[in-house]
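A short worksheet on the structure shown next.
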Amino acid sequence: MGVGRYPAPVPHDQTLPTPGARIPIEGTLNFRDIGGYATADGRRLRTGLVFRSDHLNGVTDDGLAALAALGLRTVVDLRRDDERTRQPSRLPDGVDVVWAHADAADGAAPGDFLAQVKAGEVVTVSEEEVVALYEEMLEGAGGMFRAVIEASARADEGAVLFHCTAGKDRTGLSAMLLQRMCGVSEADVVADFLLTDGYRTEARLAFLRTELEPLGIDVEGIRPMIVAPLPAFRHAISWVEAHGGAEAYARDVCGVSADTVARLRATLIA
């Protein structure tokens with residue numbers, strides 16, 4: 001299968017035709033630019049600087065060439081050690097990798113989730129559990145989010161990619177914080193988050209049905225862990241706003257300096 005090409009480098013004064021459009025890096029399902037969205041002051045987030053994705057274990061040789069064409073300099077990997085061991089990334093030569101997992105994010109990828117489901121260790125996952133998981137990440141994974149924010153503030157030195165396994169929970173909250181710190185509206189941030197369902201979720205559910213239904217396991221019981229969980233995401237945004245907003249959260253919980261916040265905005269907002 002041929003891979004679509006993303007112009008490299010993307011001119012930083014231009015925007016994607018459709019913000020949130022999937023970038024066809026062969027071997028990924030949920031690779032996209034966080035930019036292109038309008039900010040509250042009438043400007044826009046630059047494109048070609050900061051990207052988000054699911055895991056990179058399946059990246060093909062064509063996909064590697066497309067990654068290299070992005071001018072990628074830094075990858076912030078939000079996964080646990082066992083996730084990285086099970087699905088090691090394929091990356092172009094010369095890319096710096098920052099490991100940024102936090103224990104508070106463990107529930108976002110609870111071990112080998114599929115193995116646990118097959119073993120009967122996980123039968124159902126409720127929306128309420130995922131809401132609690134997102135709040136726990138915001139409360140306890142400030143260092144993980146700080147790594148994303150600090151790397152993104154330096155994206156003018158070379159493109160940055162952050163990712164977890166599915167590219168929706170740890171990655172989705174990271175993207176939300178960056179976008180909200182730069183003044184992207186809640187509506188656009190939510191719409192960007194939900195794109196995961198079109199790009200990845202249905203393919204993942206179809207795969208799980210072939211794996212689990214012959215074993216008598218109901219995939220619907222674990223749906224809240226597979227989809228982009230809108231109730232949890234809206235709760236996360238409200239939680240951040242209740243703590244003073246994304247900038248205050250980055251400062252007070254993540255330990256991000258005012259200089260880094262200023263550089264992030266100068267780098268990402270056109």
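Each chain in the structure tokens gets a letter, A, B and so on, in the order shown; residues start at 1 in every chain, and ligands are counted from 1 in the order they appear.
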(request) Run DSSP on the backbone and give me the residues of segment 8-202 of chain A it puts in strand (DSSP E or B), as an MDAnalysis selection string. (result) chainID A and resid 22 32:33 38:39 44:45 50:53 72:77 96:99 159:163 184
(request) Would you return as a ChimeraX atom specification the members of segment 170-261 of chain A that DSSP assigns to helix (DSSP H, G or I) on this structure's backbone? (result) /A:170-181,186-215,219-226,230-242,246-252,258-261
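Coordinates place atom CA of Pro110 of chain A at a distance of 10.4 Å from atom CA of Asp82 of chain A.
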(message) I need the residue nearest Arg22 of chain A from this list: A:Glu247, A:Glu129, A:Asp41, A:Asp197. Use only C-alpha atoms for the distance.
(response)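 Selected residue with least distance to Arg22 of chain A: A:Asp197.
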Per residue of segment 47-115 of chain A within 6 Å of segment 148-168 of chain A, record the nearest atom pair and its distance in Å to one decimal, counting only C-alpha atoms, with rows in chain order and ascending residue number, as a Markdown table.
```
| residue | atom | partner | partner_atom | distance |
| --- | --- | --- | --- | --- |
| A:Leu49 | CA | A:Ala159 | CA | 4.6 |
| A:Val50 | CA | A:Val160 | CA | 4.8 |
| A:Phe51 | CA | A:Leu161 | CA | 4.6 |
| A:Arg52 | CA | A:Phe162 | CA | 5.1 |
| A:Ser53 | CA | A:His163 | CA | 4.9 |
| A:Asp54 | CA | A:Gly167 | CA | 3.9 |
| A:His55 | CA | A:Thr165 | CA | 4.6 |
| A:Gly71 | CA | A:Ala159 | CA | 5.7 |
| A:Leu72 | CA | A:Ala159 | CA | 4.5 |
| A:Arg73 | CA | A:Gly158 | CA | 4.9 |
| A:Thr74 | CA | A:Val160 | CA | 4.9 |
| A:Val75 | CA | A:Leu161 | CA | 4.7 |
| A:Val76 | CA | A:Phe162 | CA | 4.5 |
| A:Asp77 | CA | A:His163 | CA | 5.5 |
| A:Leu78 | CA | A:Cys164 | CA | 4.9 |
| A:Arg79 | CA | A:Cys164 | CA | 5.2 |
```
(request) Quick one: pull the distance between atom CA of Ala266 of chain A and atom CA of His235 of chain A, Å, one decimal. (result) 28.5 Å
Counting only C-alpha atoms, which residues of segment 133-226 of chain A fall within 8 Å of segment 100-108 of chain A, and what is the closest atom pair for each with its distance in Å at one decimal, ordered by chain and rising number, as JSON lines?
```
{"residue": "A:Leu133", "atom": "CA", "partner": "A:Gly107", "partner_atom": "CA", "distance": 6.3}
{"residue": "A:Glu136", "atom": "CA", "partner": "A:Ala104", "partner_atom": "CA", "distance": 6.3}
{"residue": "A:Met137", "atom": "CA", "partner": "A:Ala105", "partner_atom": "CA", "distance": 5.2}
{"residue": "A:Gly140", "atom": "CA", "partner": "A:Ala104", "partner_atom": "CA", "distance": 5.2}
{"residue": "A:Ala141", "atom": "CA", "partner": "A:Ala102", "partner_atom": "CA", "distance": 5.4}
{"residue": "A:Gly143", "atom": "CA", "partner": "A:Ala102", "partner_atom": "CA", "distance": 7.1}
{"residue": "A:Met144", "atom": "CA", "partner": "A:Ala100", "partner_atom": "CA", "distance": 5.0}
{"residue": "A:Ala147", "atom": "CA", "partner": "A:Ala100", "partner_atom": "CA", "distance": 6.4}
{"residue": "A:Asp169", "atom": "CA", "partner": "A:Ala108", "partner_atom": "CA", "distance": 6.3}
{"residue": "A:Arg170", "atom": "CA", "partner": "A:Ala108", "partner_atom": "CA", "distance": 6.9}
```
(request) Mind checking which residues fall within 12 Å of Gly245 of chain A, counting only C-alpha atoms, ignoring those fewer than 2 positions away in the same chain, and posting them as a PyMOL selection string? (result) chain A and resi 176-183+186+236-243+247-253
(message) Report, in Å with one decimal, the straight-line distance from atom CA of Arg43 of chain A to atom CA of Ser185 of chain A.
(response) 11.9 Å
(message) Using only C-alpha atoms for the distances, tell me which of A:Leu230, A:Val59, A:Ala187, A:Leu173 is nearest to Ala40 of chain A.
(response)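 Nearest candidate to Ala40 of chain A out of A:Leu230, A:Val59, A:Ala187, A:Leu173: A:Ala187.
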(request) Measuring atom to atom with only C-alpha atoms, identify which of A:Thr171, A:Thr267, A:Thr124, A:Thr210 is nearest to Asp192 of chain A. (result)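 Of A:Thr171, A:Thr267, A:Thr124, A:Thr210, the one nearest Asp192 of chain A, counting only C-alpha atoms, is A:Thr171.
Distance check against Arg204 of chain A using only C-alpha atoms: of A:Leu29, A:Leu64, A:Val98, A:Ala262, the minimum falls on A:Leu29.
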(message) So, with only C-alpha atoms as the atoms that count, which of A:Pro24, A:Ile217, A:Tyr37, A:Val95 lies closest to Asp62 of chain A?
(response)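 Among A:Pro24, A:Ile217, A:Tyr37, A:Val95, it is A:Pro24 that comes nearest to Asp62 of chain A.
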(request) For Arg146 of chain A, list every protein, DNA or RNA residue within 7 Å, evaluated using only C-alpha atoms, and leave out those in the same chain fewer than 4 positions away; present the list as an MDAnalysis selection string. (result) chainID A and resid 142 150 254:256
Could you write out that same residue set with N, CA and C atoms as a CSV table (one decimal), in the first residue's frame?
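After the write, again_12.csv holds the following:
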```
chain,number,residue,atom,x,y,z
A,142,GLY,N,1.7,15.1,36.6
A,142,GLY,CA,2.2,16.4,36.2
A,142,GLY,C,3.5,16.3,35.5
A,150,GLU,N,7.3,21.1,27.7
A,150,GLU,CA,8.6,21.6,27.5
A,150,GLU,C,9.2,21.2,26.2
A,254,CYS,N,2.2,20.9,37.2
A,254,CYS,CA,3.3,20.3,36.3
A,254,CYS,C,4.7,20.9,36.6
A,255,GLY,N,4.7,22.1,37.2
A,255,GLY,CA,6.0,22.7,37.5
A,255,GLY,C,6.6,23.4,36.3
A,256,VAL,N,5.8,23.8,35.3
A,256,VAL,CA,6.2,24.5,34.1
A,256,VAL,C,6.5,25.9,34.4
```
